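One file, protein15.csv, carrying CSV, C-alpha atoms:
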```
chain,number,residue,atom,x,y,z
A,1,MET,CA,86.2,113.8,74.4
A,2,PRO,CA,89.9,114.8,74.5
A,3,ILE,CA,91.2,115.6,78.0
A,4,ASP,CA,94.9,116.0,77.7
A,5,THR,CA,97.6,114.8,75.4
A,6,LEU,CA,100.7,113.4,77.2
A,7,ALA,CA,104.1,114.4,75.8
A,8,PRO,CA,107.3,112.5,76.3
A,9,GLU,CA,109.2,113.4,79.4
A,10,SER,CA,112.4,113.8,77.5
A,11,GLU,CA,113.3,114.2,73.8
A,12,GLU,CA,116.4,112.1,74.4
A,13,SER,CA,116.2,108.5,73.1
A,14,ILE,CA,116.8,106.3,76.1
A,15,VAL,CA,117.4,102.5,75.5
A,16,LEU,CA,117.9,100.0,78.3
A,17,PRO,CA,119.7,98.2,79.7
A,18,LEU,CA,122.7,100.5,79.3
A,19,PRO,CA,125.9,99.4,77.4
A,20,PRO,CA,127.7,97.1,77.4
A,21,GLU,CA,124.4,95.1,77.7
A,22,THR,CA,122.3,94.6,74.6
A,23,PRO,CA,119.5,97.2,74.5
A,24,GLN,CA,116.1,95.6,75.0
A,25,VAL,CA,113.6,98.4,75.6
A,26,ARG,CA,113.2,102.0,74.6
A,27,TYR,CA,111.7,104.6,77.0
A,28,LEU,CA,108.7,106.2,75.3
A,29,TYR,CA,107.0,108.6,77.7
A,30,SER,CA,105.7,108.9,81.3
A,31,ILE,CA,102.0,109.1,82.1
A,32,ARG,CA,101.2,111.7,84.8
A,33,ALA,CA,97.9,112.9,86.0
A,34,PRO,CA,97.0,115.7,88.5
A,35,GLN,CA,96.5,114.9,92.1
A,36,PRO,CA,92.9,115.6,93.0
A,37,ALA,CA,92.3,118.0,95.8
A,38,ASN,CA,88.7,117.1,96.6
A,39,PRO,CA,88.3,113.7,98.2
A,40,LYS,CA,84.5,113.7,97.7
A,41,GLY,CA,84.7,114.3,94.0
A,42,LYS,CA,88.1,113.0,92.9
A,43,ALA,CA,87.3,112.3,89.2
A,44,GLU,CA,85.5,115.7,88.9
A,45,ALA,CA,88.4,117.4,90.5
A,46,ILE,CA,90.8,115.9,88.0
A,47,LEU,CA,88.7,116.9,85.0
A,48,LYS,CA,88.3,120.4,86.4
A,49,GLN,CA,92.1,120.8,86.8
A,50,ILE,CA,92.9,119.4,83.4
A,51,ASN,CA,90.3,121.5,81.6
A,52,GLN,CA,91.4,124.8,83.1
A,53,GLU,CA,93.0,126.1,79.8
A,54,ASN,CA,95.1,128.9,81.3
A,55,GLN,CA,96.2,127.0,84.4
A,56,PRO,CA,100.0,127.0,84.8
A,57,ARG,CA,101.5,123.5,84.3
A,58,GLU,CA,105.1,123.9,85.3
A,59,GLU,CA,104.8,121.3,88.0
A,60,GLY,CA,103.4,118.7,85.6
A,61,PHE,CA,100.6,116.2,86.1
A,62,ARG,CA,101.0,113.6,88.8
A,63,PHE,CA,99.3,110.6,90.2
A,64,LYS,CA,99.5,110.1,94.0
A,65,SER,CA,100.2,106.4,94.0
A,66,PRO,CA,99.6,104.4,90.7
A,67,ILE,CA,99.6,100.8,91.8
A,68,SER,CA,98.2,98.6,89.0
A,69,VAL,CA,97.6,98.8,85.3
A,70,THR,CA,95.7,96.7,82.7
A,71,ALA,CA,93.9,97.0,79.3
A,72,ASP,CA,90.6,96.0,77.8
A,73,PRO,CA,90.4,93.9,74.5
A,74,VAL,CA,90.4,97.1,72.3
A,75,GLY,CA,93.6,98.4,73.9
A,76,THR,CA,92.3,101.0,76.3
A,77,ILE,CA,94.7,101.3,79.3
A,78,TYR,CA,93.3,101.6,82.9
A,79,VAL,CA,95.5,102.7,85.8
A,80,ALA,CA,94.4,102.4,89.4
A,81,ASP,CA,95.6,105.0,92.0
A,82,GLN,CA,95.6,103.4,95.4
A,83,ALA,CA,95.6,106.4,97.7
A,84,GLU,CA,92.9,108.4,95.8
A,85,SER,CA,90.9,105.4,94.7
A,86,VAL,CA,90.6,106.9,91.2
A,87,LEU,CA,90.7,105.0,87.9
A,88,LEU,CA,92.2,106.7,84.9
A,89,GLU,CA,91.5,105.6,81.4
A,90,LEU,CA,94.0,106.2,78.5
A,91,LYS,CA,93.5,105.8,74.8
A,92,THR,CA,96.9,104.4,73.8
A,93,GLU,CA,97.2,105.9,70.3
A,94,SER,CA,96.1,109.4,71.1
A,95,ARG,CA,97.2,109.3,74.7
A,96,GLU,CA,94.1,111.1,75.8
A,97,TRP,CA,92.9,110.7,79.4
A,98,LYS,CA,89.5,110.3,81.0
A,99,ALA,CA,89.0,110.1,84.8
A,100,VAL,CA,86.5,107.4,85.8
A,101,GLU,CA,84.5,108.0,88.9
A,102,LEU,CA,84.3,104.9,91.2
A,103,VAL,CA,80.9,104.8,92.9
A,104,ALA,CA,80.4,101.9,95.3
A,105,ASP,CA,78.2,100.9,98.2
A,106,LYS,CA,80.7,102.7,100.5
A,107,PRO,CA,83.7,104.9,99.8
A,108,LEU,CA,86.7,103.0,98.6
A,109,SER,CA,89.7,102.9,100.9
A,110,SER,CA,92.6,101.1,99.3
A,111,LEU,CA,92.3,100.3,95.6
A,112,ILE,CA,94.9,97.8,94.5
A,113,GLY,CA,94.1,95.2,91.9
A,114,ILE,CA,92.5,95.7,88.5
A,115,ALA,CA,91.6,93.4,85.6
A,116,VAL,CA,89.3,93.5,82.6
A,117,ASP,CA,87.3,90.8,80.9
A,118,GLU,CA,86.6,90.4,77.1
A,119,LYS,CA,83.4,92.5,77.4
A,120,GLY,CA,85.3,95.4,79.0
A,121,THR,CA,83.9,94.8,82.5
A,122,LEU,CA,86.4,95.9,85.2
A,123,TYR,CA,87.3,94.0,88.3
A,124,LEU,CA,88.9,95.8,91.2
A,125,THR,CA,90.0,94.9,94.7
A,126,ASP,CA,89.9,97.1,97.8
A,127,SER,CA,92.1,95.5,100.5
A,128,VAL,CA,90.9,97.6,103.4
A,129,LEU,CA,87.3,97.0,102.6
A,130,LYS,CA,88.1,93.3,101.9
A,131,LYS,CA,86.0,93.4,98.8
A,132,VAL,CA,86.2,92.7,95.1
A,133,TYR,CA,84.1,94.9,92.8
A,134,ARG,CA,82.9,94.7,89.3
A,135,MET,CA,82.1,97.7,87.1
A,136,ARG,CA,80.1,97.4,83.9
A,137,TYR,CA,80.2,100.4,81.7
A,138,ASP,CA,76.5,100.1,80.8
A,139,HIS,CA,75.7,100.4,84.6
A,140,GLY,CA,78.4,103.0,85.5
A,141,ARG,CA,78.9,102.0,89.1
A,142,LEU,CA,80.7,99.4,91.1
A,143,GLU,CA,78.8,96.4,92.3
A,144,PRO,CA,80.1,93.7,94.8
A,145,PHE,CA,81.6,90.7,93.2
A,146,ALA,CA,82.3,87.3,94.9
A,147,GLY,CA,79.0,87.1,96.8
A,148,ASP,CA,79.4,86.6,100.5
A,149,TYR,CA,82.9,85.2,100.3
A,150,GLN,CA,85.0,86.6,103.2
A,151,PHE,CA,88.5,87.8,102.1
A,152,ALA,CA,91.2,88.5,104.6
A,153,TRP,CA,93.1,90.9,102.4
A,154,PRO,CA,92.4,90.8,98.6
A,155,THR,CA,95.1,92.4,96.4
A,156,GLY,CA,95.8,91.0,92.9
A,157,VAL,CA,93.0,90.1,90.5
A,158,ALA,CA,93.3,88.5,87.0
A,159,VAL,CA,90.7,87.4,84.4
A,160,ASP,CA,91.2,84.3,82.4
A,161,ARG,CA,89.1,85.3,79.3
A,162,ALA,CA,89.5,81.9,77.6
A,163,ASN,CA,88.2,79.8,80.6
A,164,GLU,CA,85.9,82.5,82.0
A,165,ARG,CA,87.4,82.6,85.5
A,166,VAL,CA,88.4,85.4,87.9
A,167,TYR,CA,91.4,84.8,90.2
A,168,VAL,CA,92.0,86.8,93.4
A,169,THR,CA,95.0,86.7,95.6
A,170,ASP,CA,94.1,86.7,99.3
A,171,THR,CA,97.4,88.0,100.6
A,172,VAL,CA,97.0,87.5,104.4
A,173,ALA,CA,95.3,84.1,103.9
A,174,ASN,CA,98.1,83.0,101.5
A,175,LYS,CA,95.9,81.6,98.8
A,176,VAL,CA,94.4,82.2,95.4
A,177,VAL,CA,90.6,82.1,95.1
A,178,THR,CA,88.8,81.2,91.9
A,179,PHE,CA,85.4,82.5,90.8
A,180,ASP,CA,83.2,82.1,87.8
A,181,MET,CA,82.1,85.2,85.9
A,182,ASN,CA,79.0,85.4,88.1
A,183,GLY,CA,81.1,85.7,91.2
A,184,VAL,CA,80.5,82.2,92.5
A,185,LYS,CA,83.5,80.6,94.1
A,186,VAL,CA,84.6,77.5,92.2
A,187,GLY,CA,87.9,76.7,93.9
A,188,GLU,CA,91.0,77.9,95.8
A,189,PHE,CA,94.6,76.8,96.2
A,190,GLY,CA,97.6,77.6,98.4
A,191,THR,CA,98.5,77.7,102.1
A,192,ARG,CA,101.3,79.3,104.1
A,193,GLY,CA,104.7,77.9,103.5
A,194,ASN,CA,107.7,78.0,101.1
A,195,GLY,CA,107.2,74.8,99.2
A,196,ASP,CA,105.8,74.4,95.7
A,197,GLY,CA,102.3,75.7,95.6
A,198,GLU,CA,102.6,77.4,99.0
A,199,PHE,CA,102.7,81.2,99.6
A,200,ASN,CA,104.1,83.8,101.9
A,201,TYR,CA,102.2,87.1,101.2
A,202,PRO,CA,101.1,86.6,97.5
A,203,THR,CA,100.3,89.9,95.9
A,204,PHE,CA,100.0,90.5,92.1
A,205,ILE,CA,98.7,87.8,89.7
A,206,THR,CA,98.2,87.5,85.9
A,207,CYS,CA,97.5,84.8,83.4
A,208,ASP,CA,98.6,84.0,79.9
A,209,PRO,CA,96.3,83.3,76.9
A,210,GLN,CA,96.5,79.6,77.7
A,211,GLY,CA,95.1,80.2,81.2
A,212,ASN,CA,98.3,79.5,83.1
A,213,LEU,CA,98.7,81.7,86.2
A,214,TYR,CA,101.7,83.6,87.5
A,215,VAL,CA,101.6,84.7,91.1
A,216,ALA,CA,104.1,87.1,92.8
A,217,ASP,CA,104.9,85.1,96.0
A,218,THR,CA,106.3,88.3,97.5
A,219,LEU,CA,107.8,87.2,100.8
A,220,ASN,CA,109.1,83.9,99.4
A,221,PHE,CA,111.0,86.1,96.9
A,222,ARG,CA,109.7,84.3,93.8
A,223,VAL,CA,107.0,84.0,91.2
A,224,GLN,CA,105.1,80.8,90.9
A,225,SER,CA,103.3,79.5,87.9
A,226,PHE,CA,100.2,77.3,88.0
A,227,THR,CA,97.7,75.7,85.6
A,228,ALA,CA,94.2,77.2,85.4
A,229,ASP,CA,93.0,74.6,88.0
A,230,GLY,CA,95.9,75.4,90.4
A,231,LYS,CA,98.4,72.7,89.7
A,232,PHE,CA,102.0,73.9,90.2
A,233,ARG,CA,104.1,74.3,87.1
A,234,PHE,CA,107.4,76.0,88.1
A,235,SER,CA,108.8,78.9,90.1
A,236,ILE,CA,111.2,81.7,89.2
A,237,GLY,CA,113.6,83.4,91.6
A,238,SER,CA,115.1,83.4,95.1
A,239,LEU,CA,116.2,86.1,97.6
A,240,GLY,CA,119.0,88.3,96.3
A,241,ASP,CA,119.9,91.0,93.9
A,242,GLY,CA,121.5,88.9,91.1
A,243,HIS,CA,120.1,87.9,87.8
A,244,GLY,CA,116.8,86.1,88.3
A,245,GLN,CA,116.7,87.0,92.0
A,246,PHE,CA,114.2,89.2,93.9
A,247,SER,CA,113.9,91.3,97.0
A,248,VAL,CA,110.2,92.3,96.7
A,249,PRO,CA,108.6,90.9,93.6
A,250,LYS,CA,105.4,92.7,92.8
A,251,GLY,CA,103.8,93.2,89.4
A,252,VAL,CA,103.9,90.4,86.9
A,253,ALA,CA,102.8,90.4,83.2
A,254,VAL,CA,103.1,88.1,80.2
A,255,ALA,CA,103.9,89.5,76.8
A,256,PRO,CA,102.2,88.2,73.6
A,257,ASP,CA,105.3,86.0,72.9
A,258,GLY,CA,105.1,84.5,76.3
A,259,THR,CA,107.9,86.5,77.9
A,260,ILE,CA,107.3,86.9,81.6
A,261,TYR,CA,108.1,90.4,83.1
A,262,VAL,CA,108.4,90.8,86.9
A,263,VAL,CA,108.8,94.1,88.8
A,264,ASP,CA,110.9,94.3,91.9
A,265,GLY,CA,109.6,97.0,94.3
A,266,ARG,CA,112.7,97.2,96.4
A,267,LEU,CA,115.4,96.8,93.8
A,268,ASP,CA,113.6,99.2,91.4
A,269,ARG,CA,114.0,97.1,88.3
A,270,VAL,CA,112.0,94.9,85.8
A,271,GLN,CA,113.3,91.5,84.9
A,272,ALA,CA,112.3,89.5,81.9
A,273,PHE,CA,112.1,85.7,81.7
A,274,ALA,CA,111.5,83.2,78.9
A,275,PRO,CA,108.2,81.2,79.0
A,276,ASP,CA,110.0,78.4,80.9
A,277,GLY,CA,111.4,80.8,83.5
A,278,LYS,CA,114.9,81.2,82.2
A,279,TYR,CA,116.4,84.7,82.9
A,280,LEU,CA,116.7,86.9,79.8
A,281,PHE,CA,117.5,90.5,80.8
A,282,GLU,CA,116.6,93.4,83.2
A,283,PHE,CA,116.4,97.1,83.2
A,284,GLY,CA,115.9,99.9,85.7
A,285,ALA,CA,117.6,101.4,88.7
A,286,SER,CA,116.7,103.6,91.7
A,287,GLY,CA,115.9,107.2,90.8
A,288,ASN,CA,113.4,109.6,89.2
A,289,ALA,CA,114.9,110.0,85.7
A,290,PRO,CA,113.3,108.3,82.8
A,291,GLY,CA,113.9,104.6,82.9
A,292,LYS,CA,114.5,104.7,86.7
A,293,PHE,CA,112.0,103.7,89.4
A,294,TRP,CA,111.0,104.3,93.0
A,295,SER,CA,109.1,101.4,94.4
A,296,PRO,CA,107.5,100.2,91.2
A,297,ASN,CA,104.4,98.0,91.5
A,298,GLY,CA,102.1,96.8,88.7
A,299,ILE,CA,103.0,96.1,85.1
A,300,TYR,CA,101.2,95.4,81.9
A,301,VAL,CA,102.3,94.5,78.3
A,302,ASP,CA,100.1,95.3,75.4
A,303,ALA,CA,99.6,93.7,72.0
A,304,LYS,CA,102.3,95.9,70.5
A,305,ASP,CA,104.9,94.8,73.1
A,306,ARG,CA,104.7,98.1,75.0
A,307,LEU,CA,105.4,97.9,78.7
A,308,TYR,CA,103.5,100.0,81.2
A,309,VAL,CA,105.1,100.1,84.6
A,310,CYS,CA,103.5,101.8,87.7
A,311,ASP,CA,106.3,103.8,89.2
A,312,TYR,CA,104.5,104.1,92.5
A,313,LEU,CA,106.5,106.6,94.5
A,314,ASN,CA,107.5,108.7,91.4
A,315,ASN,CA,103.8,109.2,90.9
A,316,ARG,CA,103.8,108.1,87.3
A,317,VAL,CA,103.4,105.3,84.8
A,318,GLN,CA,106.4,104.8,82.6
A,319,VAL,CA,105.9,103.3,79.1
A,320,PHE,CA,108.6,101.4,77.2
A,321,GLN,CA,108.8,99.7,73.8
A,322,HIS,CA,110.4,96.3,73.5
A,323,LEU,CA,112.9,96.4,70.7
A,324,GLY,CA,112.8,93.0,69.2
A,325,GLU,CA,114.6,89.8,69.8
A,326,LYS,CA,115.2,88.8,73.4
```
Is it possible to give me this structure as structure tokens?
Amino acid sequence: MPIDTLAPESEESIVLPLPPETPQVRYLYSIRAPQPANPKGKAEAILKQINQENQPREEGFRFKSPISVTADPVGTIYVADQAESVLLELKTESREWKAVELVADKPLSSLIGIAVDEKGTLYLTDSVLKKVYRMRYDHGRLEPFAGDYQFAWPTGVAVDRANERVYVTDTVANKVVTFDMNGVKVGEFGTRGNGDGEFNYPTFITCDPQGNLYVADTLNFRVQSFTADGKFRFSIGSLGDGHGQFSVPKGVAVAPDGTIYVVDGRLDRVQAFAPDGKYLFEFGASGNAPGKFWSPNGIYVDAKDRLYVCDYLNNRVQVFQHLGEK
């Protein structure tokens, strides 16, 4: 059922990075959703607000804190709002929204990570509750995942569809924990440190079609890549604001051609790297205009090379189209 069609924030064609750099992405539109007022029925409140046909809309639609984004195998986009613990579903071609009510064994407190498997099953992390949940659409509610495993502070989650594994970053424990699709722990890797394969506050995680992992090692100011069984491959970045450097690396995504995109939550930019980690380009700056960010977090790249960036403190998700050759 159509909920709302999201229009571009500006009619102006915006390409980034700005001259004299070669343009690499075009700004398409921003996804905004209304901030729910009823904490006991957040999804219903969203739907009620959107469906009030004569309601003034001058202030626009806004998230409160969109933190992570992913898509299922048919291209449906899912955005997690951390503060309101609401999941919003977007049909990419029509840009029609649906709010998804998250019903768990207890009220969610801090929704952060989200991933989807090949069957459309969602996996979500709640750091405060120290839990990972799974939501199957044929059931319609969240169920605990990972059995009795005790997390210290779960944040990022990724699904390796080819090898049928679920990976969770345990940020405070400085490790990545591996589960099979039934929630049984099958491995873990990492410890605190700054050497290869060591972490200091790992946050977001993703994997490529070959099963290789990419972990935002946030307070080591880098992204590390591993094989599916946790063997170190290479790292990207160091502390700084130059090309290929990071201040607070957060969201990480891999495009269909293997390009690695990394969001920097403090420098308010997105950097792109070749599959071997070589720096390619960057875009973004601090601000609230289209193409600018304020504490961006999660990122996802779809099959058509469109980038979805969670612009956390600007209460929106910005969508960009990659233009071609990198």
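The space between CA of Ala152 in chain A and CA of Leu111 in chain A spans 14.9 Å.
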| field | Closest of A:Arg269, A:Lys304, A:His243, A:Arg32 to Asp257 in chain A - atom-to-atom distances counting only C-alpha atoms | value | A:Lys304
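Near Glu282 in chain A, within a cut-off of 6 Å and counting only C-alpha atoms, sit the residues Val270, Gln271 and Ala272 of chain A, with same-chain residues fewer than 2 positions away left out.
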| Who sits within 8 Å of range 64-75 of chain A, all atoms listed in the file, same chain under 4 positions skipped, as a ChimeraX atom specification | /A:35,79-84,91-92,112-120,251,296-300,302-303,308-313,315-317
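Of the residues listed (A:Asp276, A:Asp264, A:Asp217, A:Asp148), A:Asp264 shows the shortest atom-to-atom separation from Gln245 in chain A; distances use only C-alpha atoms.
When only C-alpha atoms are used to compute distances to Ile14 in chain A, the closest of the residues A:Gly324, A:Gly265, A:Gly284, A:Gly211 turns out to be A:Gly284.
The shortest atom-to-atom distance to Lys98 in chain A, with only C-alpha atoms taken into account, belongs to A:Thr76 out of A:Thr169, A:Ser235, A:Thr76, A:Ser85.
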| field | Selection as a ChimeraX atom specification: residues within 10 Å of (94.2, 89.5, 94.8), counting all atoms listed in the file | value | /A:112-114,124-127,131-132,151,153-158,166-171,175-177,202-206,215
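Among the candidate residues A:Lys292, A:Arg95, A:Lys106, A:Arg306, the one lying nearest to Leu18 in chain A is A:Lys292, with distances computed using all atoms listed in the file.
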